[in-house]
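Text of entry_18.cif, listed as mmCIF, C-alpha atoms and all ligand atoms:
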```
data_data
loop_
_atom_site.label_atom_id
_atom_site.label_comp_id
_atom_site.auth_asym_id
_atom_site.auth_seq_id
_atom_site.Cartn_x
_atom_site.Cartn_y
_atom_site.Cartn_z
CA MET A 1 110.95 107.83 94.38
CA LYS A 2 112.50 104.95 96.36
CA PHE A 3 114.71 105.34 99.39
CA ALA A 4 117.24 102.69 100.24
CA THR A 5 116.85 101.51 103.81
CA GLN A 6 120.56 100.82 104.35
CA MET A 7 122.47 104.01 103.57
CA PRO A 8 126.28 104.07 103.51
CA LEU A 9 128.09 106.06 106.18
CA ASP A 10 129.81 109.05 104.61
CA GLU A 11 132.72 111.13 105.68
CA VAL A 12 132.40 114.84 104.84
CA TYR A 13 134.84 117.66 105.47
CA LEU A 14 133.04 120.96 106.01
CA LEU A 15 134.18 124.55 106.30
CA LEU A 16 132.67 125.39 109.70
CA ARG A 17 134.11 128.86 110.07
CA THR A 18 136.80 130.89 108.33
CA GLY A 19 140.02 128.89 108.29
CA HIS A 20 138.55 125.86 110.02
CA ILE A 21 137.66 122.50 108.46
CA GLU A 22 135.94 119.75 110.39
CA ARG A 23 135.37 116.10 109.56
CA GLN A 24 131.88 114.79 110.13
CA GLN A 25 130.23 111.43 109.65
CA CYS A 26 126.72 111.19 108.35
CA LEU A 27 124.39 108.81 106.59
CA SER A 28 124.19 109.22 102.81
CA ARG A 29 121.07 111.11 101.86
CA PRO A 30 118.47 109.14 99.93
CA LEU A 31 118.96 109.31 96.18
CA VAL A 32 116.40 111.49 94.39
CA GLU A 33 115.28 110.35 90.92
CA ASP A 34 117.42 112.70 88.78
CA TYR A 35 120.49 112.47 91.03
CA VAL A 36 123.55 110.25 90.95
CA ARG A 37 125.47 108.90 93.93
CA VAL A 38 129.20 109.08 93.32
CA ARG A 39 132.25 107.95 95.25
CA PHE A 40 134.84 110.71 95.04
CA LEU A 41 138.31 109.64 93.91
CA ALA A 42 140.24 112.91 93.93
CA CYS A 43 139.54 116.63 93.99
CA GLY A 44 141.72 119.62 93.14
CA LEU A 45 141.94 122.72 95.30
CA CYS A 46 140.72 125.81 93.43
CA GLY A 47 141.54 129.47 94.07
CA SER A 48 137.83 129.96 94.78
CA ASP A 49 138.05 127.30 97.53
CA MET A 50 140.91 129.30 99.03
CA SER A 51 139.00 132.58 99.07
CA LYS A 52 136.04 130.88 100.78
CA PHE A 53 138.38 129.17 103.26
CA GLU A 54 140.08 132.49 104.02
CA GLY A 55 136.81 134.39 104.22
CA THR A 56 137.51 136.85 101.40
CA SER A 57 134.61 135.37 99.45
CA PRO A 58 131.96 134.93 102.15
CA VAL A 59 129.60 131.94 102.07
CA SER A 60 126.92 130.82 104.47
CA LEU A 61 128.46 128.28 106.83
CA PRO A 62 128.88 125.38 107.16
CA PHE A 63 130.04 125.07 103.58
CA SER A 64 131.32 122.16 101.54
CA LEU A 65 134.29 123.01 99.31
CA GLY A 66 135.75 121.11 96.35
CA HIS A 67 134.37 121.08 92.80
CA GLU A 68 137.30 119.93 90.64
CA PHE A 69 136.77 116.23 91.11
CA ILE A 70 136.84 112.86 89.46
CA ALA A 71 134.49 110.24 90.83
CA GLN A 72 132.95 106.85 90.19
CA VAL A 73 129.20 106.37 89.87
CA GLU A 74 127.75 104.05 92.52
CA GLU A 75 124.03 104.41 91.92
CA VAL A 76 121.75 106.36 89.60
CA GLY A 77 118.24 107.70 90.14
CA SER A 78 115.38 106.33 88.06
CA THR A 79 115.26 109.19 85.52
CA VAL A 80 119.01 109.67 84.95
CA PRO A 81 119.54 109.30 81.20
CA SER A 82 123.09 108.32 80.37
CA LEU A 83 125.11 107.21 83.38
CA LYS A 84 125.43 103.81 85.01
CA PRO A 85 127.16 102.40 88.09
CA GLY A 86 130.88 101.99 87.50
CA ASP A 87 131.23 104.97 85.14
CA PHE A 88 134.03 107.41 85.88
CA VAL A 89 132.97 111.06 85.74
CA THR A 90 134.17 114.59 86.21
CA SER A 91 132.03 117.62 86.87
CA ASP A 92 131.04 120.82 85.19
CA LEU A 93 130.96 123.80 87.49
CA ASN A 94 127.70 125.04 86.07
CA PHE A 95 124.11 124.02 86.05
CA ARG A 96 122.76 124.91 82.59
CA CYS A 97 118.97 125.04 82.48
CA GLY A 98 118.87 125.16 78.68
CA ALA A 99 115.88 127.51 78.67
CA CYS A 100 116.93 130.95 79.95
CA ASP A 101 118.07 133.77 77.65
CA HIS A 102 121.78 133.10 78.35
CA CYS A 103 121.49 129.36 77.71
CA LEU A 104 119.57 129.99 74.48
CA ALA A 105 122.17 132.51 73.33
CA GLY A 106 125.12 130.10 73.82
CA ARG A 107 126.22 131.61 77.15
CA SER A 108 125.06 128.73 79.32
CA HIS A 109 127.95 129.33 81.76
CA LEU A 110 126.00 132.45 82.76
CA CYS A 111 122.74 130.48 83.16
CA ARG A 112 120.29 132.50 85.25
CA VAL A 113 119.23 129.40 87.18
CA GLY A 114 122.70 127.91 87.52
CA GLN A 115 124.13 130.79 89.48
CA SER A 116 121.61 130.39 92.26
CA GLY A 117 123.17 127.52 94.17
CA LEU A 118 121.37 124.41 92.94
CA PHE A 119 124.72 122.79 93.44
CA SER A 120 127.52 123.49 95.78
CA ASN A 121 130.91 121.94 95.72
CA ARG A 122 130.87 119.05 98.20
CA ALA A 123 133.65 116.81 96.82
CA PHE A 124 135.87 116.78 99.91
CA ALA A 125 133.87 113.81 101.09
CA SER A 126 133.74 110.08 100.55
CA ARG A 127 130.47 110.24 98.60
CA GLY A 128 127.93 112.71 97.32
CA ASN A 129 124.58 112.89 95.58
CA LEU A 130 124.80 115.16 92.55
CA HIS A 131 122.35 116.25 89.88
CA HIS A 132 123.16 114.20 86.78
CA SER A 133 123.49 117.26 84.52
CA TYR A 134 126.76 118.28 86.19
CA LEU A 135 128.50 115.02 85.40
CA LEU A 136 130.51 114.19 82.32
CA PRO A 137 131.79 110.64 81.64
CA LEU A 138 135.58 110.46 81.46
CA GLU A 139 135.77 107.70 78.83
CA ALA A 140 139.34 107.13 80.00
CA ASP A 141 141.23 105.69 82.94
CA PRO A 142 140.56 107.93 85.93
CA SER A 143 144.12 109.24 86.25
CA ARG A 144 144.45 111.89 88.92
CA HIS A 145 145.58 114.65 86.55
CA LEU A 146 142.03 114.57 85.14
CA VAL A 147 141.01 116.70 88.14
CA LEU A 148 142.43 119.50 85.98
CA SER A 149 139.54 119.09 83.51
CA GLU A 150 137.34 121.88 84.89
CA PRO A 151 140.10 124.47 85.43
CA LEU A 152 141.54 123.58 82.00
CA SER A 153 138.09 124.08 80.44
CA CYS A 154 138.07 127.62 81.87
CA VAL A 155 141.53 128.24 80.40
CA LEU A 156 140.42 126.96 76.97
CA TYR A 157 137.50 129.39 77.03
CA ALA A 158 139.84 132.29 77.88
CA LEU A 159 142.40 131.25 75.25
CA ASP A 160 139.67 130.96 72.60
CA TRP A 161 138.89 134.62 73.21
CA ALA A 162 142.50 135.81 73.46
CA ALA A 163 143.34 133.74 70.36
CA PRO A 164 147.12 134.24 70.30
CA LYS A 165 148.61 133.92 66.81
CA THR A 166 151.53 131.51 66.45
CA ALA A 167 154.06 134.35 66.19
CA ASP A 168 152.67 136.34 69.15
CA ARG A 169 154.66 136.85 72.33
CA VAL A 170 152.47 135.34 75.05
CA LEU A 171 152.72 135.85 78.81
CA VAL A 172 150.87 133.99 81.57
CA VAL A 173 150.88 135.78 84.94
CA GLY A 174 150.51 133.27 87.77
CA ALA A 175 151.84 129.72 88.02
CA GLY A 176 149.26 128.19 90.35
CA GLY A 177 146.68 125.64 89.24
CA ILE A 178 145.17 127.74 86.45
CA GLY A 179 148.66 128.78 85.35
CA LEU A 180 149.61 125.11 85.15
CA CYS A 181 146.58 124.46 82.93
CA ALA A 182 147.48 127.46 80.76
CA ALA A 183 151.09 126.25 80.43
CA PHE A 184 149.80 122.80 79.45
CA ALA A 185 147.42 124.19 76.81
CA LEU A 186 150.00 126.59 75.36
CA SER A 187 152.70 123.91 75.27
CA LEU A 188 150.48 121.91 72.90
CA GLN A 189 150.21 124.80 70.44
CA ALA A 190 152.70 125.07 67.60
CA ARG A 191 154.18 128.41 68.63
CA GLU A 192 157.01 130.16 66.79
CA ALA A 193 158.46 131.51 70.04
CA PRO A 194 158.27 130.10 73.58
CA PHE A 195 155.64 131.65 75.84
CA ASP A 196 156.59 133.05 79.25
CA ILE A 197 154.93 132.18 82.54
CA ALA A 198 155.66 134.43 85.52
CA ASP A 199 155.10 134.11 89.23
CA ILE A 200 156.44 135.91 92.27
CA MET A 201 157.04 132.48 93.88
CA SER A 202 160.27 131.13 92.46
CA ALA A 203 159.54 127.68 93.98
CA ARG A 204 156.67 127.26 91.52
CA LEU A 205 158.86 128.08 88.51
CA LEU A 206 161.94 125.89 88.76
CA THR A 207 160.51 122.46 87.95
CA LEU A 208 157.95 123.91 85.57
CA ASP A 209 160.71 125.64 83.60
CA SER A 210 162.62 122.41 83.02
CA LEU A 211 159.45 120.52 82.05
CA LEU A 212 158.40 123.15 79.51
CA GLU A 213 161.58 122.48 77.51
CA SER A 214 161.56 124.64 74.38
CA ALA A 215 157.81 125.36 74.50
CA GLY A 216 157.97 127.95 77.23
CA ARG A 217 160.00 129.69 79.90
CA ALA A 218 159.17 130.21 83.56
CA VAL A 219 160.33 133.70 84.59
CA LEU A 220 160.28 135.69 87.83
CA VAL A 221 159.89 138.98 85.98
CA PRO A 222 158.26 139.41 82.55
CA ALA A 223 160.64 140.83 79.95
CA GLY A 224 159.57 143.45 77.41
CA GLU A 225 156.20 143.78 75.74
CA TYR A 226 153.80 140.95 75.00
CA ASP A 227 151.09 140.68 72.36
CA VAL A 228 148.79 138.53 74.51
CA VAL A 229 148.76 138.36 78.32
CA LEU A 230 146.70 135.94 80.38
CA ASP A 231 146.31 137.00 84.02
CA VAL A 232 145.58 133.94 86.16
CA SER A 233 147.21 135.26 89.33
CA GLY A 234 144.01 135.84 91.28
CA THR A 235 145.55 139.04 92.65
CA ALA A 236 145.34 142.74 91.87
CA ALA A 237 149.15 142.85 91.76
CA GLY A 238 149.19 140.10 89.12
CA LEU A 239 146.61 141.91 87.02
CA ALA A 240 148.69 145.10 87.32
CA THR A 241 151.72 143.16 86.05
CA ALA A 242 149.63 141.84 83.17
CA CYS A 243 148.46 145.33 82.19
CA ARG A 244 151.98 146.75 82.37
CA SER A 245 153.36 143.91 80.25
CA VAL A 246 150.98 144.13 77.29
CA ARG A 247 151.97 146.19 74.28
CA GLY A 248 149.72 148.98 73.07
CA GLY A 249 146.99 147.44 70.92
CA GLY A 250 147.61 144.04 72.53
CA THR A 251 145.28 141.72 74.42
CA VAL A 252 144.82 141.10 78.16
CA CYS A 253 142.50 138.38 79.40
CA SER A 254 142.08 138.16 83.17
CA MET A 255 140.63 135.11 84.91
CA SER A 256 141.13 136.62 88.37
CA HIS A 257 138.10 137.34 90.53
CA LEU A 258 138.92 140.73 91.99
CA ASP A 259 135.47 141.98 92.93
CA ARG A 260 136.54 142.18 96.56
CA ALA A 261 140.03 143.52 95.94
CA SER A 262 140.65 146.59 98.06
CA ASP A 263 141.99 148.59 95.16
CA ALA A 264 141.76 147.99 91.44
CA ALA A 265 141.94 151.68 90.58
CA PHE A 266 145.24 151.07 88.77
CA LEU A 267 143.33 149.36 85.98
CA LEU A 268 142.07 152.40 84.13
CA ALA A 269 145.37 154.20 84.54
CA GLU A 270 147.29 151.23 83.09
CA LEU A 271 144.96 150.72 80.13
CA THR A 272 143.86 154.24 79.20
CA ARG A 273 145.27 155.52 75.87
CA ARG A 274 146.79 152.13 75.06
CA ASP A 275 144.00 150.62 72.94
CA VAL A 276 144.21 147.29 74.74
CA ASN A 277 141.62 144.53 74.23
CA PHE A 278 140.62 143.64 77.77
CA LYS A 279 138.33 140.90 78.98
CA VAL A 280 137.47 139.43 82.37
CA SER A 281 136.87 135.80 81.42
CA TYR A 282 134.44 133.88 83.61
CA LEU A 283 134.10 130.11 83.96
CA ASN A 284 134.29 127.80 80.99
CA GLY A 285 131.83 129.01 78.35
CA PRO A 286 129.89 126.28 76.53
CA ARG A 287 129.87 122.74 77.98
CA GLU A 288 131.88 121.57 74.97
CA ASN A 289 134.99 123.15 76.53
CA LEU A 290 134.83 120.63 79.37
CA ARG A 291 134.74 117.77 76.86
CA ARG A 292 137.72 119.31 75.03
CA ALA A 293 139.64 119.59 78.30
CA VAL A 294 138.97 115.96 79.25
CA ARG A 295 140.13 114.81 75.82
CA MET A 296 143.29 116.95 75.90
CA LEU A 297 144.27 115.72 79.35
CA ALA A 298 143.57 112.10 78.44
CA SER A 299 145.57 112.22 75.20
CA SER A 300 148.37 114.73 75.77
CA TRP A 301 149.27 115.01 79.46
CA ASN A 302 152.91 114.15 80.02
CA PRO A 303 153.15 112.05 83.22
CA SER A 304 156.45 113.76 84.05
CA TRP A 305 154.32 116.85 84.83
CA ASP A 306 152.72 114.96 87.76
CA VAL A 307 155.55 116.25 89.98
CA LEU A 308 154.01 119.73 89.74
CA ILE A 309 150.92 118.46 91.56
CA GLU A 310 150.88 117.86 95.31
CA GLN A 311 148.80 114.82 96.23
CA ARG A 312 147.58 114.55 99.81
CA PRO A 313 144.98 112.39 101.56
CA LEU A 314 141.59 113.76 102.56
CA ARG A 315 142.47 113.71 106.26
CA ASP A 316 145.15 116.36 105.49
CA LEU A 317 142.66 118.83 103.98
CA GLN A 318 143.02 121.39 106.78
CA SER A 319 146.81 121.48 106.55
CA VAL A 320 146.77 121.56 102.73
CA LEU A 321 144.45 124.58 102.84
CA ASP A 322 146.59 126.20 105.56
CA GLY A 323 149.76 125.78 103.49
CA ARG A 324 148.44 126.34 99.96
CA ARG A 325 149.47 130.00 99.59
CA LYS A 326 153.11 129.11 100.28
CA SER A 327 153.17 125.69 98.64
CA PRO A 328 155.92 125.11 96.07
CA PHE A 329 153.51 122.90 94.11
CA ASN A 330 151.65 124.47 91.21
CA LYS A 331 148.50 122.58 92.14
CA SER A 332 147.24 120.74 95.21
CA VAL A 333 145.03 117.69 94.86
CA ILE A 334 143.23 115.81 97.60
CA VAL A 335 143.22 112.06 97.04
CA ILE A 336 140.03 110.57 98.45
CA SER A 337 139.94 106.93 97.44
CA GLY A 338 141.85 104.61 95.12
CA ALA A 339 142.10 106.03 91.60
ZN ZN A 401 137.83 125.57 90.04
ZN ZN A 402 119.94 128.74 81.72
#
```
Represent the structure contained in this file as C-alpha cells.
Amino acid sequence: MKFATQMPLDEVYLLLRTGHIERQQCLSRPLVEDYVRVRFLACGLCGSDMSKFEGTSPVSLPFSLGHEFIAQVEEVGSTVPSLKPGDFVTSDLNFRCGACDHCLAGRSHLCRVGQSGLFSNRAFASRGNLHHSYLLPLEADPSRHLVLSEPLSCVLYALDWAAPKTADRVLVVGAGGIGLCAAFALSLQAREAPFDIADIMSARLLTLDSLLESAGRAVLVPAGEYDVVLDVSGTAAGLATACRSVRGGGTVCSMSHLDRASDAAFLLAELTRRDVNFKVSYLNGPRENLRRAVRMLASSWNPSWDVLIEQRPLRDLQSVLDGRRKSPFNKSVIVISGA
C-alpha cells in the first residue's frame, strides 16, 4: 500500500449535531488499495438525509450525509478492477458481500455485511475515498439529473413488485424526490389511463402536472379507488392516504420508513378485511436495478423536467436542509463542482 505524500485539501460538510451542518477542511486520507478517490460533482438530498438532519433517525455524530451522487474518478487503488481516472460514476447505496445468505439468494440489498456501516454517505464534500464496489460507471455525460439514479433504482424495484397492468388505475402518494422518480418511470410506461400523483403541497404539483402532459395528473386529493398505490410520502399520513385509496384486492407498496413514526396503528384497521397486497419495499433490490436506472435517465429524461429540481451550491447545504420540507421543488440537488 502506497501513500501519496502530497494530499489534496478537502472540504467536507458534516452534521455536527441535530439541525447543524459545519464546513471543515482536512487533508485527503491516503488511498487504500481497493478504494477509489473521487471528486464529487453533484449530490441529491434524500429523505433519509432529512431524517438524520432532523434527528428522527439518530446517527452517531459527527455524520457525513449525501449518498445520491455523481462523481469523477481521480485516482484508483492498486487492486481496483474496472475503474480508471477520468471515469464518471454514480453510487449504489449498498455494499454487497456476495457471500452471505441474502446475497446468495438474490437479496443482496439486504446483505448482512452491507448493513453494518462499511460505508457512510459522505458526498457533501469536495472529494472522498470510496470502496470500489459501490461505484458504477455512468457511460454517459455526467448530467446532473443522473443524481436520480439511486432513488430511481429503488422505485424500479418497488414497481417491479407492484407490477401495475397497463389498464390499472395507479396512484403515487408523495411528490418529493422519490415521487419525481416514480412519475418519471410511470410516464415511460404505455398506460391506458393517466396515473395520479398526489401531495399535500400544491407547490410541488403545479409544474409537474403540466410536464406530465397526458401521461399523468398531479392531484391534491386522490379521487376514487386505485388498483395500485405507491406510497413514497415518507409519512404515516401519506401511508394512511395510500391505504384508504386502494380498492379491495388491490396493491399497496410503501417505500416510507416509518419505524419511528409515533403511531402507525391505523394500518391494520385500514387493511383488515380488504384483501390488499401490501409490501414495505426497501432499497433497490439487485444491483441490476441501478444499471437500469442509469440507462433510463441517460436515454429518456426530458430536460424540461430539470425545472423540478432545485440546484444549489455546496456552501448553501445548511439552508437547503433547513428549507427542504417547505421547498416547492420536487427534489433538491447540491452542485459541488463543474458537471
Ligand atoms: Zn437516497
Ligand atoms: Zn452479503
Site check for ligand ZN 402 (chain A): residues at most 9 Å away, all atoms listed in the file, as JSON, numbers by chain: {"A": [95, 96, 97, 98, 99, 100, 101, 102, 103, 104, 107, 108, 109, 110, 111, 112, 113, 114]}
Compare A:Leu31, A:Leu14, A:Leu283, A:Ala242 by their minimum atom-to-atom distance to ligand ZN 401 (chain A), counting only C-alpha atoms and all ligand atoms, and give me the closest one.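 So, comparing all the options, the nearest one is A:Leu283.
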Nearest-residue call for Thr207 (chain A), choices A:Phe266, A:Trp305, A:Tyr134, A:Tyr282, using all atoms listed in the file: A:Trp305
For a test of reading the model, state the distance in Å between CA of Ser332 (chain A) and CA of Arg244 (chain A), rounded to one decimal. 29.4 Å
Can you pull out every residue with an atom within 7 Å of ligand ZN 401 (chain A)? Use all atoms listed in the file and format it as a list in words.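 The distance check yields Cys46, Gly47, Ser48, His67, Glu68, Glu150 and Pro151 of chain A.
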Include C-alpha atoms and write out the residues we just selected as a PDB file, in the frame of the given file.
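Output below, filename result09.pdb:
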```
ATOM      1  CA  CYS A  46     140.720 125.810  93.430  1.00  0.00           C
ATOM      2  CA  GLY A  47     141.540 129.470  94.070  1.00  0.00           C
ATOM      3  CA  SER A  48     137.830 129.960  94.780  1.00  0.00           C
ATOM      4  CA  HIS A  67     134.370 121.080  92.800  1.00  0.00           C
ATOM      5  CA  GLU A  68     137.300 119.930  90.640  1.00  0.00           C
ATOM      6  CA  GLU A 150     137.340 121.880  84.890  1.00  0.00           C
ATOM      7  CA  PRO A 151     140.100 124.470  85.430  1.00  0.00           C
TER       8      PRO A 151
END
```
Nearest to Ser187 (chain A) among A:Leu206, A:Val221, A:Leu212, A:Leu290, with distances taken over only C-alpha atoms: which residue is it?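 Closest candidate: A:Leu212.
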Could you name the residues that touch region 16-24 of chain A at 8 Å or less, counting only C-alpha atoms, but leaving out those on the same chain fewer than 5 positions away, as a VMD selection string? chain A and resid 11 52 to 55 61 to 63 317 to 318 322
Residues of the last selection are to be written out with C-alpha atoms, as a short mmCIF file (atom, residue, chain, number, x, y, z; two decimals), in the frame of the given file.
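New file out.cif:
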```cif
data_model
loop_
_atom_site.label_atom_id
_atom_site.label_comp_id
_atom_site.auth_asym_id
_atom_site.auth_seq_id
_atom_site.Cartn_x
_atom_site.Cartn_y
_atom_site.Cartn_z
CA GLU A 11 132.72 111.13 105.68
CA LYS A 52 136.04 130.88 100.78
CA PHE A 53 138.38 129.17 103.26
CA GLU A 54 140.08 132.49 104.02
CA GLY A 55 136.81 134.39 104.22
CA LEU A 61 128.46 128.28 106.83
CA PRO A 62 128.88 125.38 107.16
CA PHE A 63 130.04 125.07 103.58
CA LEU A 317 142.66 118.83 103.98
CA GLN A 318 143.02 121.39 106.78
CA ASP A 322 146.59 126.20 105.56
#
```
Please list as a count of residues only every residue within 12 Å of Asp92 (chain A), counting only C-alpha atoms and excluding residues in the same chain fewer than 5 positions away. 38
Counting only C-alpha atoms, which of A:Ala298, A:Val155, A:Leu321, A:Val229 gets nearest to Gly179 (chain A)?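 Closest candidate: A:Val155.
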Please work out which residues fall within 8 Å of (145.6, 117.6, 98.2), coordinates as given in the file, with all atoms listed in the file counting, and return them as a PyMOL selection string. chain A and resi 43-45+310-314+316-317+320+332-335
Written file, previous selection with C-alpha atoms, as a compact mmCIF listing (two decimals), in the frame of the given file:
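Heads up, here's the output in result.txt:
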```txt
# COMPACT_ATOMS: atom_id res chain seq x y z
CA CYS A 43 139.54 116.63 93.99
CA GLY A 44 141.72 119.62 93.14
CA LEU A 45 141.94 122.72 95.30
CA GLU A 310 150.88 117.86 95.31
CA GLN A 311 148.80 114.82 96.23
CA ARG A 312 147.58 114.55 99.81
CA PRO A 313 144.98 112.39 101.56
CA LEU A 314 141.59 113.76 102.56
CA ASP A 316 145.15 116.36 105.49
CA LEU A 317 142.66 118.83 103.98
CA VAL A 320 146.77 121.56 102.73
CA SER A 332 147.24 120.74 95.21
CA VAL A 333 145.03 117.69 94.86
CA ILE A 334 143.23 115.81 97.60
CA VAL A 335 143.22 112.06 97.04
```
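The closest residue to Ser210 (chain A), picked from A:Val173, A:Leu27, A:Ala240, A:Val307 and counting all atoms listed in the file, is A:Val307.
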So which one's closest to Leu267 (chain A), A:Arg292, A:Val280, A:Leu239, A:Lys326? Using all atoms listed in the file, please.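 Smallest distance to Leu267 (chain A) is found for A:Leu239.
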